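Engineer: Contents of start-v1.cif (mmCIF, C-alpha atoms) are given next:
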data_query
loop_
_atom_site.label_atom_id
_atom_site.label_comp_id
_atom_site.auth_asym_id
_atom_site.auth_seq_id
_atom_site.Cartn_x
_atom_site.Cartn_y
_atom_site.Cartn_z
CA MET A 9 -6.40 1.40 -19.60
CA ASN A 10 -9.38 2.68 -17.66
CA GLN A 11 -8.78 0.17 -14.89
CA TRP A 12 -5.15 1.25 -14.71
CA LYS A 13 -6.26 4.85 -14.16
CA ASN A 14 -8.70 3.63 -11.54
CA PHE A 15 -5.84 1.81 -9.79
CA SER A 16 -3.15 4.49 -10.03
CA LYS A 17 -5.22 7.46 -8.85
CA GLY A 18 -4.62 6.44 -5.22
CA PHE A 19 -0.91 7.15 -5.41
CA LEU A 20 -0.83 10.84 -6.26
CA LYS A 21 -3.97 12.36 -7.72
CA GLU A 22 -6.30 11.11 -5.00
CA ASN A 23 -3.78 10.04 -2.39
CA PRO A 24 -5.86 9.61 0.79
CA VAL A 25 -3.22 11.13 3.07
CA PHE A 26 -1.49 13.84 1.07
CA VAL A 27 -4.40 15.11 -1.00
CA LEU A 28 -7.67 14.07 0.64
CA LEU A 29 -6.32 14.38 4.21
CA LEU A 30 -8.20 11.30 5.40
CA GLY A 31 -7.10 8.72 7.95
CA MET A 32 -4.77 11.08 9.76
CA CYS A 33 -4.82 9.25 13.11
CA PRO A 34 -3.01 6.07 11.97
CA THR A 35 -0.87 8.16 9.61
CA LEU A 36 0.56 10.16 12.48
CA GLY A 37 0.33 7.47 15.14
CA VAL A 38 2.17 4.49 13.67
CA THR A 39 4.79 6.01 11.39
CA SER A 40 7.64 6.16 13.91
CA SER A 41 9.39 3.62 11.67
CA ALA A 42 9.08 2.49 8.06
CA ILE A 43 8.25 -1.10 8.97
CA ASN A 44 5.34 -0.02 11.20
CA GLY A 45 4.03 2.15 8.39
CA LEU A 46 4.25 -0.78 5.97
CA GLY A 47 2.43 -3.13 8.35
CA MET A 48 -0.34 -0.66 9.05
CA GLY A 49 -0.69 0.20 5.37
CA LEU A 50 -0.99 -3.43 4.29
CA ALA A 51 -3.49 -4.21 7.06
CA THR A 52 -5.63 -1.28 5.95
CA THR A 53 -5.27 -2.30 2.29
CA PHE A 54 -6.59 -5.78 3.09
CA VAL A 55 -9.61 -4.37 4.94
CA LEU A 56 -10.23 -1.85 2.17
CA LEU A 57 -10.03 -4.46 -0.59
CA MET A 58 -12.27 -6.99 1.15
CA SER A 59 -14.86 -4.48 2.35
CA ASN A 60 -15.04 -2.88 -1.10
CA ILE A 61 -15.64 -6.31 -2.68
CA VAL A 62 -18.33 -7.31 -0.19
CA VAL A 63 -20.06 -3.93 -0.21
CA SER A 64 -20.28 -3.92 -4.00
CA LEU A 65 -21.67 -7.49 -3.93
CA VAL A 66 -24.42 -6.78 -1.41
CA LYS A 67 -25.19 -3.18 -2.35
CA ASN A 68 -28.55 -4.04 -3.89
CA ALA A 69 -29.70 -6.04 -0.86
CA ILE A 70 -29.11 -3.25 1.65
CA PRO A 71 -31.91 -0.72 2.20
CA GLU A 72 -30.81 2.87 1.67
CA LYS A 73 -31.54 3.94 5.26
CA VAL A 74 -29.40 1.41 7.12
CA ARG A 75 -26.59 1.54 4.60
CA ILE A 76 -23.95 3.22 6.82
CA PRO A 77 -24.41 0.90 9.84
CA SER A 78 -24.32 -2.12 7.50
CA PHE A 79 -21.08 -0.91 5.93
CA ILE A 80 -19.56 -0.40 9.38
CA VAL A 81 -20.44 -3.96 10.41
CA ILE A 82 -18.89 -5.37 7.23
CA ILE A 83 -15.72 -3.33 7.84
CA ALA A 84 -15.60 -4.29 11.52
CA ALA A 85 -15.80 -7.97 10.57
CA PHE A 86 -12.74 -7.71 8.33
CA VAL A 87 -10.88 -5.66 10.92
CA THR A 88 -11.45 -8.48 13.40
CA VAL A 89 -10.09 -10.95 10.84
CA VAL A 90 -6.93 -8.83 10.40
CA GLN A 91 -6.61 -8.42 14.15
CA LEU A 92 -6.71 -12.16 14.80
CA LEU A 93 -4.39 -12.98 11.87
CA MET A 94 -1.78 -10.45 12.98
CA GLN A 95 -1.99 -11.59 16.58
CA ALA A 96 -1.25 -15.13 15.41
CA PHE A 97 1.43 -14.58 12.76
CA VAL A 98 3.20 -11.26 13.49
CA PRO A 99 2.74 -10.72 17.25
CA ALA A 100 5.65 -8.24 17.49
CA LEU A 101 4.19 -5.95 14.82
CA TYR A 102 0.71 -6.35 16.32
CA LYS A 103 2.06 -5.17 19.65
CA SER A 104 3.84 -2.14 18.27
CA LEU A 105 0.80 -1.03 16.25
CA GLY A 106 -1.37 -1.61 19.31
CA LEU A 107 -4.59 0.32 19.47
CA PHE A 108 -4.46 1.40 15.84
CA ILE A 109 -5.40 -2.03 14.45
CA PRO A 110 -8.93 -2.09 15.93
CA LEU A 111 -9.17 1.59 15.02
CA ILE A 112 -9.06 0.73 11.30
CA VAL A 113 -12.85 0.45 11.76
CA VAL A 114 -13.16 4.19 12.18
CA ASN A 115 -10.63 5.05 9.48
CA CYS A 116 -12.55 7.44 7.25
CA ILE A 117 -10.77 6.13 4.13
CA VAL A 118 -12.39 2.69 4.39
CA LEU A 119 -15.93 3.92 5.02
CA GLY A 120 -15.40 6.70 2.50
CA ARG A 121 -14.52 4.27 -0.32
CA ALA A 122 -17.42 1.96 0.58
CA GLU A 123 -19.85 4.87 0.45
CA ALA A 124 -18.40 6.83 -2.46
CA PHE A 125 -17.22 4.05 -4.76
CA ALA A 126 -18.12 0.46 -3.89
CA SER A 127 -21.83 1.17 -3.32
CA LYS A 128 -22.08 2.52 -6.88
CA ASN A 129 -19.76 0.31 -8.94
CA ASN A 130 -19.35 -3.35 -9.89
CA VAL A 131 -17.13 -5.86 -8.09
CA GLY A 132 -14.15 -5.63 -10.44
CA SER A 133 -13.80 -1.85 -10.36
CA SER A 134 -14.41 -1.78 -6.60
CA ALA A 135 -11.64 -4.31 -5.98
CA VAL A 136 -9.22 -2.33 -8.16
CA ASP A 137 -10.23 0.89 -6.44
CA GLY A 138 -9.76 -0.62 -2.98
CA LEU A 139 -6.36 -2.01 -3.89
CA GLY A 140 -5.23 1.28 -5.48
CA ILE A 141 -6.32 3.52 -2.62
CA GLY A 142 -4.95 1.03 -0.07
CA LEU A 143 -1.54 0.89 -1.72
CA GLY A 144 -1.55 4.69 -2.04
CA PHE A 145 -2.16 4.87 1.70
CA THR A 146 0.65 2.34 2.29
CA PHE A 147 2.96 4.40 0.08
CA ALA A 148 2.22 7.53 2.13
CA LEU A 149 2.79 5.73 5.44
CA VAL A 150 6.07 4.15 4.30
CA LEU A 151 7.33 7.50 2.96
CA LEU A 152 6.47 9.28 6.21
CA GLY A 153 7.83 6.40 8.31
CA SER A 154 11.11 6.30 6.36
CA ILE A 155 11.73 10.03 6.74
CA ARG A 156 10.99 9.93 10.46
CA GLU A 157 13.10 6.81 11.01
CA ILE A 158 16.09 8.21 9.10
CA LEU A 159 15.98 11.58 10.88
CA GLY A 160 14.98 10.26 14.28
CA SER A 161 16.98 7.07 14.75
CA GLY A 162 19.47 7.03 11.87
CA LYS A 163 18.06 3.80 10.47
CA LEU A 164 15.88 2.63 7.60
CA PHE A 165 13.98 -0.67 7.95
CA ASN A 166 16.24 -1.28 10.99
CA ILE A 167 19.44 -0.96 8.93
CA THR A 168 21.78 1.64 10.40
CA ILE A 169 22.51 4.50 8.03
CA TYR A 170 24.46 6.86 10.25
CA PRO A 171 25.60 6.69 13.88
CA GLU A 172 23.15 7.30 16.68
CA ASN A 173 25.09 10.29 18.05
CA TYR A 174 23.83 12.49 15.22
CA VAL A 175 20.09 11.69 15.35
CA THR A 176 17.34 14.20 16.15
CA LEU A 177 15.21 12.18 18.51
CA VAL A 178 12.19 14.48 18.28
CA PHE A 179 11.32 13.08 14.84
CA VAL A 180 10.34 9.67 16.19
CA LEU A 181 8.33 11.32 18.99
CA ALA A 182 4.87 12.86 18.67
CA PRO A 183 5.84 16.40 17.50
CA GLY A 184 7.99 15.02 14.67
CA ALA A 185 4.94 13.32 13.15
CA PHE A 186 3.02 16.57 12.80
CA ILE A 187 6.01 18.52 11.51
CA VAL A 188 7.19 16.00 8.89
CA LEU A 189 3.65 15.52 7.56
CA GLY A 190 3.16 19.31 7.44
CA TYR A 191 6.26 19.81 5.32
CA LEU A 192 5.46 16.81 3.07
CA ILE A 193 1.99 18.18 2.29
CA ALA A 194 3.49 21.62 1.65
CA LEU A 195 5.98 20.05 -0.77
CA ILE A 196 3.20 18.20 -2.61
CA ASN A 197 1.07 21.37 -2.81
CA ARG A 198 4.05 23.14 -4.31
CA MET A 199 4.67 20.38 -6.87
CA LYS A 200 0.99 20.35 -7.87
CA LYS A 201 1.10 24.05 -8.74
CA ASN A 202 4.03 23.66 -11.18
CA MET B 29 -4.01 9.35 44.74
CA ASN B 30 -4.55 6.72 42.11
CA TYR B 31 -7.36 8.82 40.63
CA LEU B 32 -5.16 11.91 40.53
CA VAL B 33 -2.56 9.97 38.54
CA ILE B 34 -5.24 8.94 36.03
CA VAL B 35 -6.48 12.52 35.69
CA ILE B 36 -3.08 14.16 35.19
CA GLY B 37 -1.87 11.31 33.01
CA ALA B 38 -4.86 11.58 30.69
CA ILE B 39 -5.08 15.37 30.43
CA LEU B 40 -1.44 16.40 30.23
CA VAL B 41 1.08 13.57 29.96
CA ASN B 42 -0.68 11.31 27.48
CA ASN B 43 -2.84 13.97 25.89
CA ILE B 44 -5.22 12.09 23.61
CA VAL B 45 -4.70 14.31 20.57
CA LEU B 46 -1.13 15.50 20.80
CA MET B 47 0.53 12.43 22.27
CA GLN B 48 -1.69 9.50 21.26
CA PHE B 49 -2.92 10.79 17.89
CA LEU B 50 -6.57 9.95 18.47
CA GLY B 51 -9.26 12.27 17.19
CA ILE B 52 -7.00 14.09 14.74
CA CYS B 53 -9.80 14.56 12.19
CA PRO B 54 -11.97 16.83 14.38
CA PHE B 55 -8.78 18.38 15.77
CA LEU B 56 -7.84 19.57 12.28
CA GLY B 57 -11.38 19.87 10.92
CA VAL B 58 -13.25 22.00 13.44
CA SER B 59 -10.40 24.02 14.95
CA LYS B 60 -10.76 27.08 12.75
CA LYS B 61 -12.72 28.98 15.41
CA VAL B 62 -12.70 28.79 19.20
CA SER B 63 -16.51 28.73 19.42
CA THR B 64 -16.92 25.65 17.19
CA GLY B 65 -14.09 24.04 19.15
CA ILE B 66 -16.06 24.44 22.36
CA GLY B 67 -19.19 22.95 20.75
CA MET B 68 -17.27 19.95 19.47
CA THR B 69 -15.64 19.40 22.86
CA GLY B 70 -19.05 19.33 24.54
CA ALA B 71 -20.41 16.77 22.11
CA VAL B 72 -17.30 14.58 22.31
CA ALA B 73 -17.20 14.67 26.12
CA PHE B 74 -20.85 13.70 26.33
CA VAL B 75 -20.59 10.73 23.98
CA MET B 76 -17.16 9.64 25.23
CA ILE B 77 -18.26 9.27 28.86
CA LEU B 78 -21.53 7.56 27.93
CA ALA B 79 -19.80 5.23 25.47
CA THR B 80 -17.16 4.24 28.00
CA ILE B 81 -19.80 3.31 30.56
CA VAL B 82 -21.89 1.29 28.11
CA THR B 83 -18.95 -0.51 26.48
CA TYR B 84 -17.52 -1.29 29.92
CA LEU B 85 -20.78 -2.97 30.93
CA ILE B 86 -21.00 -4.87 27.65
CA GLN B 87 -17.39 -6.04 27.83
CA ASN B 88 -17.66 -7.30 31.40
CA TYR B 89 -21.21 -8.61 31.56
CA VAL B 90 -21.79 -9.86 28.03
CA LEU B 91 -18.63 -10.45 26.01
CA GLU B 92 -16.42 -11.90 28.73
CA LYS B 93 -19.20 -13.85 30.38
CA PHE B 94 -20.00 -15.72 27.19
CA GLY B 95 -16.42 -15.93 25.88
CA LEU B 96 -17.05 -13.60 22.95
CA GLY B 97 -13.96 -11.43 23.41
CA PHE B 98 -13.16 -11.57 19.69
CA LEU B 99 -16.36 -9.66 18.92
CA GLN B 100 -15.08 -6.62 20.84
CA THR B 101 -14.42 -4.37 17.84
CA ILE B 102 -17.76 -5.10 16.16
CA ALA B 103 -19.74 -4.80 19.40
CA PHE B 104 -18.11 -1.54 20.45
CA ILE B 105 -18.51 0.25 17.14
CA LEU B 106 -22.17 -0.79 16.95
CA VAL B 107 -22.73 0.46 20.51
CA ILE B 108 -21.12 3.79 19.71
CA ALA B 109 -23.02 4.22 16.45
CA SER B 110 -26.38 3.48 18.06
CA LEU B 111 -25.51 5.59 21.10
CA VAL B 112 -24.81 8.59 18.92
CA GLN B 113 -28.10 8.04 17.10
CA MET B 114 -29.96 7.71 20.41
CA VAL B 115 -28.36 10.80 21.93
CA GLU B 116 -29.36 12.71 18.82
CA ILE B 117 -32.99 11.63 19.10
CA ILE B 118 -33.22 12.26 22.85
CA LEU B 119 -31.56 15.66 22.69
CA LYS B 120 -33.89 16.71 19.89
CA LYS B 121 -36.89 16.00 22.15
CA VAL B 122 -35.54 17.02 25.56
CA SER B 123 -33.29 19.97 24.90
CA PRO B 124 -33.71 21.57 21.48
CA PRO B 125 -31.25 24.43 22.24
CA LEU B 126 -28.49 21.97 23.13
CA TYR B 127 -29.37 19.90 20.06
CA GLN B 128 -29.10 23.01 17.95
CA ALA B 129 -25.72 23.83 19.45
CA LEU B 130 -24.26 20.34 19.02
CA GLY B 131 -26.29 19.55 15.89
CA ILE B 132 -23.73 19.19 13.13
CA PHE B 133 -21.07 17.66 15.37
CA LEU B 134 -23.08 14.70 16.62
CA PRO B 135 -23.12 12.50 13.49
CA LEU B 136 -19.41 13.19 12.98
CA ILE B 137 -18.63 11.63 16.33
CA THR B 138 -19.37 8.04 15.25
CA THR B 139 -16.20 7.99 13.19
CA ASN B 140 -14.14 9.86 15.78
CA CYS B 141 -11.47 7.37 16.74
CA ALA B 142 -11.01 9.04 20.12
CA ILE B 143 -14.31 7.56 21.32
CA LEU B 144 -13.58 3.98 20.28
CA GLY B 145 -9.97 4.43 21.37
CA VAL B 146 -10.83 5.48 24.92
CA ALA B 147 -13.40 2.67 25.20
CA ILE B 148 -10.80 0.08 24.18
CA LEU B 149 -8.09 1.64 26.39
CA THR B 150 -10.42 1.48 29.40
CA VAL B 151 -10.84 -2.26 28.84
CA GLN B 152 -7.11 -2.82 28.15
CA ASN B 153 -6.08 -1.02 31.35
CA GLU B 154 -8.53 -3.17 33.34
CA PHE B 155 -10.09 -0.19 35.09
CA ASN B 156 -13.19 -0.56 37.23
CA LEU B 157 -16.28 1.46 36.35
CA LEU B 158 -15.42 4.51 38.48
CA GLU B 159 -11.86 4.61 37.17
CA GLY B 160 -13.22 4.23 33.65
CA VAL B 161 -15.52 7.23 34.10
CA ILE B 162 -12.67 9.33 35.52
CA PHE B 163 -10.38 8.14 32.71
CA SER B 164 -12.84 9.05 29.96
CA THR B 165 -13.77 12.39 31.56
CA SER B 166 -10.11 13.38 31.80
CA HIS B 167 -9.49 12.33 28.21
CA ALA B 168 -12.44 14.45 27.12
CA ILE B 169 -11.00 17.42 29.04
CA GLY B 170 -7.60 16.78 27.44
CA PHE B 171 -9.25 16.70 24.01
CA GLY B 172 -11.00 20.00 24.73
CA LEU B 173 -7.84 21.60 26.07
CA ALA B 174 -5.81 20.70 22.98
CA LEU B 175 -8.63 21.64 20.58
CA ILE B 176 -9.33 25.04 22.15
CA ILE B 177 -5.64 26.03 22.45
CA PHE B 178 -5.13 24.96 18.84
CA ALA B 179 -8.22 26.88 17.65
CA GLY B 180 -6.83 29.99 19.36
CA ILE B 181 -3.52 29.53 17.55
CA ARG B 182 -5.24 29.02 14.20
CA GLU B 183 -7.34 32.17 14.58
CA HIS B 184 -4.08 34.09 14.81
CA LEU B 185 -2.45 32.04 12.08
CA ASP B 186 -5.12 33.17 9.60
CA LEU B 187 -3.92 36.75 9.89
CA GLN B 188 -0.25 35.97 9.32
CA ASP B 189 1.66 36.14 6.06
CA VAL B 190 2.37 32.46 5.39
CA PRO B 191 4.39 31.21 2.37
CA LYS B 192 2.08 29.99 -0.38
CA GLY B 193 2.79 26.27 -0.25
CA LEU B 194 2.45 26.15 3.53
CA LYS B 195 -0.98 27.83 3.63
CA GLY B 196 -3.84 25.92 5.25
CA THR B 197 -3.22 22.40 6.46
CA PRO B 198 0.61 22.29 6.33
CA ILE B 199 1.15 25.29 8.59
CA ALA B 200 -1.60 24.03 10.91
CA LEU B 201 0.18 20.66 11.19
CA ILE B 202 3.50 22.34 11.96
CA ALA B 203 1.83 24.51 14.61
CA ALA B 204 0.32 21.33 16.09
CA GLY B 205 3.82 19.83 16.16
CA ILE B 206 5.14 22.77 18.15
CA LEU B 207 2.14 22.52 20.49
CA ALA B 208 2.91 18.82 20.95
CA MET B 209 6.49 19.77 21.81
CA ALA B 210 5.14 22.05 24.53
CA PHE B 211 3.05 19.18 25.90
CA MET B 212 6.16 16.99 25.97
CA GLY B 213 7.29 19.20 28.83
CA PHE B 214 4.70 17.45 30.98
CA SER B 215 6.15 13.97 30.46
CA GLY B 216 7.62 12.67 33.66
CA LEU B 217 4.91 14.30 35.77
CA VAL B 218 3.35 10.91 36.45
#
As structure tokens, how would this structure be written, given the file I've shared?
Structural biologist:
Amino acid sequence: MNQWKNFSKGFLKENPVFVLLLGMCPTLGVTSSAINGLGMGLATTFVLLMSNIVVSLVKNAIPEKVRIPSFIVIIAAFVTVVQLLMQAFVPALYKSLGLFIPLIVVNCIVLGRAEAFASKNNVGSSAVDGLGIGLGFTFALVLLGSIREILGSGKLFNITIYPENYVTLVFVLAPGAFIVLGYLIALINRMKKN
Amino acid sequence: MNYLVIVIGAILVNNIVLMQFLGICPFLGVSKKVSTGIGMTGAVAFVMILATIVTYLIQNYVLEKFGLGFLQTIAFILVIASLVQMVEIILKKVSPPLYQALGIFLPLITTNCAILGVAILTVQNEFNLLEGVIFSTSHAIGFGLALIIFAGIREHLDLQDVPKGLKGTPIALIAAGILAMAFMGFSGLV
């Protein structure tokens, strides 16, 4: 039961995007379509899961003072793994996510979980935590990507929903990202109050 | 002419914050007052230009020479992290007033994706060193421009009567969206 709570907190109560406001750069940058959001979310989830596991395994071997640089190297190693895997198996997605894949290294969510959770807990809880927060992040990206794709290009996961003549193009461009996220957070704030 | 294209492209057309979504965290985090915005811009510009030069040299004279291209991400982030640490130590000794002014912003810069982003973009665009310096300087100016305009807007926003749910971050994000729309007017300049 406790582990379930640990897992599910990432979706709403401690959702990294909507509640903690972390990792905004990829959130805004890659969500021009739902599929991009899903790809980015899963890539981040993998890095988060693996780095949480490794950090919790080696936490006792790392001196307190060099802890942050060590965490960053561990994270960077897994980002490189993801980068090479995506380049090999999903080159189209890798191309459309572009710069944001190497930038997972500086995603505050990953370092934040390593520092706040994995360096204090055992392997099992850290893995569950990483998976939960990662999937919560994916959920937020897919939600944002779906809304922008439906409004901006009349499609969802590349399936046409309504004809292109009626779309509002601005939602797949840069300003749409800010505006949709702004209203989503406002909606969630409102729901939290009730 | 080529340099002018880089400058205008980086500052206005592909503004790093509003068009490329890099460095959103400081953009939202330290934009509550114009004065802190200026301090942050100074610190970011300083580290961004230095980091671009150092990572350029490492990419061309170490990584590519020895066929270690796959280590790019790890090497760059380590360079940036140690650079920030070094700048902090040197500034503390050489110019205490400047250190005081930039103080709190310096450690935050390590995880600013704008720095790593510009370093990687410089390599991807295959710029030479001079072009890289111009590229990173213009991006730093673009970052400052967006941050300071946005801080000015937010100072006014604080005084307005905003609906309850929209208070704070949501209204700031919507204002940023409108600002990004204004910057879209520059597309096509280059």
Engineer: Could you check the closest approach to chain B for each of A:Ala122, A:Leu50, A:Ile141, A:Val114 and tell me which residue wins, using all atoms listed in the file?
Structural biologist: A:Val114
Engineer: Please write as a VMD selection string the full residue list that the PyMOL selection byres ((chain B and resi 138-152) around 8) yields on this file.
Structural biologist: (chain A and resid 33 107 111 114 to 116) or (chain B and resid 44 50 to 51 53 to 54 72 75 to 76 79 to 80 83 to 84 87 104 to 105 108 to 109 112 134 to 137 153 to 155 160 163 to 164 167)
Engineer: Rank nothing, just name the residue among B:Ile169, B:Gln113, B:Leu185, B:Leu207 nearest to chain A, using only C-alpha atoms.
Structural biologist: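 Of B:Ile169, B:Gln113, B:Leu185, B:Leu207, the one nearest chain A, counting only C-alpha atoms, is B:Leu207.
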Engineer: Name the residues captured by the PyMOL selection byres ((chain A and resi 119) around 9) when it is applied to the shown file; answer as number ranges by chain.
Structural biologist: A: 56, 59, 76, 79-80, 83, 113-118, 120-124
Engineer: Those same residues - C-alpha atoms - I'd like them written as a PDB file, in the frame of the given file.
Structural biologist:
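Printed below is again-v4.pdb as written:
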ATOM      1  CA  LEU A  56     -10.230  -1.850   2.170  1.00  0.00           C
ATOM      2  CA  SER A  59     -14.860  -4.480   2.350  1.00  0.00           C
ATOM      3  CA  ILE A  76     -23.950   3.220   6.820  1.00  0.00           C
ATOM      4  CA  PHE A  79     -21.080  -0.910   5.930  1.00  0.00           C
ATOM      5  CA  ILE A  80     -19.560  -0.400   9.380  1.00  0.00           C
ATOM      6  CA  ILE A  83     -15.720  -3.330   7.840  1.00  0.00           C
ATOM      7  CA  VAL A 113     -12.850   0.450  11.760  1.00  0.00           C
ATOM      8  CA  VAL A 114     -13.160   4.190  12.180  1.00  0.00           C
ATOM      9  CA  ASN A 115     -10.630   5.050   9.480  1.00  0.00           C
ATOM     10  CA  CYS A 116     -12.550   7.440   7.250  1.00  0.00           C
ATOM     11  CA  ILE A 117     -10.770   6.130   4.130  1.00  0.00           C
ATOM     12  CA  VAL A 118     -12.390   2.690   4.390  1.00  0.00           C
ATOM     13  CA  GLY A 120     -15.400   6.700   2.500  1.00  0.00           C
ATOM     14  CA  ARG A 121     -14.520   4.270  -0.320  1.00  0.00           C
ATOM     15  CA  ALA A 122     -17.420   1.960   0.580  1.00  0.00           C
ATOM     16  CA  GLU A 123     -19.850   4.870   0.450  1.00  0.00           C
ATOM     17  CA  ALA A 124     -18.400   6.830  -2.460  1.00  0.00           C
TER      18      ALA A 124
END
Engineer: Around (2.9, 25.9, 12.6) in the file's frame, which residues reach within 12 Å when counting only C-alpha atoms? Return as a ChimeraX atom specification?
Structural biologist: /A:183,186-191,194 /B:178,181-182,184-186,188,190-191,194-209
Engineer: Identify, on the basis of only C-alpha atoms, every residue whose closest approach to Leu65 (chain A) does not exceed 12 Å; exclude the query and any residue fewer than 5 positions from it along the same chain; express the result as a list of chain:residue names.
Structural biologist: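 Everything that qualifies: A:Met58, A:Ser59, A:Asn60, A:Ile70, A:Phe79, A:Ile82, A:Ala122, A:Ala126, A:Ser127, A:Lys128, A:Asn129, A:Asn130, A:Val131, A:Gly132, A:Ser133, A:Ser134, A:Ala135.
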Engineer: Only C-alpha atoms, please: the residues just picked out, written as a PDB file, in the frame of the given file.
Structural biologist:
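New file again.pdb:
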ATOM      1  CA  MET A  58     -12.270  -6.990   1.150  1.00  0.00           C
ATOM      2  CA  SER A  59     -14.860  -4.480   2.350  1.00  0.00           C
ATOM      3  CA  ASN A  60     -15.040  -2.880  -1.100  1.00  0.00           C
ATOM      4  CA  ILE A  70     -29.110  -3.250   1.650  1.00  0.00           C
ATOM      5  CA  PHE A  79     -21.080  -0.910   5.930  1.00  0.00           C
ATOM      6  CA  ILE A  82     -18.890  -5.370   7.230  1.00  0.00           C
ATOM      7  CA  ALA A 122     -17.420   1.960   0.580  1.00  0.00           C
ATOM      8  CA  ALA A 126     -18.120   0.460  -3.890  1.00  0.00           C
ATOM      9  CA  SER A 127     -21.830   1.170  -3.320  1.00  0.00           C
ATOM     10  CA  LYS A 128     -22.080   2.520  -6.880  1.00  0.00           C
ATOM     11  CA  ASN A 129     -19.760   0.310  -8.940  1.00  0.00           C
ATOM     12  CA  ASN A 130     -19.350  -3.350  -9.890  1.00  0.00           C
ATOM     13  CA  VAL A 131     -17.130  -5.860  -8.090  1.00  0.00           C
ATOM     14  CA  GLY A 132     -14.150  -5.630 -10.440  1.00  0.00           C
ATOM     15  CA  SER A 133     -13.800  -1.850 -10.360  1.00  0.00           C
ATOM     16  CA  SER A 134     -14.410  -1.780  -6.600  1.00  0.00           C
ATOM     17  CA  ALA A 135     -11.640  -4.310  -5.980  1.00  0.00           C
TER      18      ALA A 135
END
Engineer: Tell me which protein, DNA and RNA residues are within 7 Å of Phe15 (chain A), counting all atoms listed in the file, leaving out same-chain ones fewer than 4 positions away, and put them as a ChimeraX atom specification.
Structural biologist: /A:11,136-137,140
Engineer: Using the chain letters and numbers from the file, give me the residues hit by the PyMOL selection byres ((chain B and resi 41) around 6), as number ranges by chain.
Structural biologist: B: 37, 40, 42-43, 214-215
Engineer: Could you please determine the separation between CA of Gly37 (chain A) and CA of Ala103 (chain B) in Å, to one decimal place?
Structural biologist: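 These two atoms are separated by 23.9 Å.
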Engineer: With only C-alpha atoms as the atoms that count, which of A:Ala148, A:Ile61, A:Leu177, A:Ala84 lies nearest to chain B?
Structural biologist: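 Closest candidate: A:Ala84.
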Engineer: Quick one: of A:Lys103, A:Lys73, A:Lys200, A:Lys21, who's nearest to Val38 (chain A), counting only C-alpha atoms?
Structural biologist: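 Between A:Lys103, A:Lys73, A:Lys200, A:Lys21, the residue approaching Val38 (chain A) most closely is A:Lys103.
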Engineer: Nearest to Tyr170 (chain A) among A:Leu105, A:Val66, A:Ile158, A:Leu149, with distances taken over only C-alpha atoms: which residue is it?
Structural biologist: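 Selected residue with least distance to Tyr170 (chain A): A:Ile158.
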Engineer: Could you tell me which of A:Gly47, A:Pro99, A:Pro71, A:Gly184 comes closest to chain B if we count all atoms listed in the file?
Structural biologist: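 With all atoms listed in the file as the atom set, the closest residue is A:Gly184.
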Engineer: If you measure from CA of Glu116 (chain B) to CA of Ile109 (chain A), what distance in Å do you get, rounded to one decimal?
Structural biologist: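 Going from CA of Glu116 (chain B) over to CA of Ile109 (chain A), I get 28.5 Å.
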Engineer: Report, in Å with one decimal, the straight-line distance from CA of Leu96 (chain B) to CA of Val98 (chain A).
Structural biologist: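 Spanning CA of Leu96 (chain B) to CA of Val98 (chain A) is a straight-line distance of 22.5 Å.
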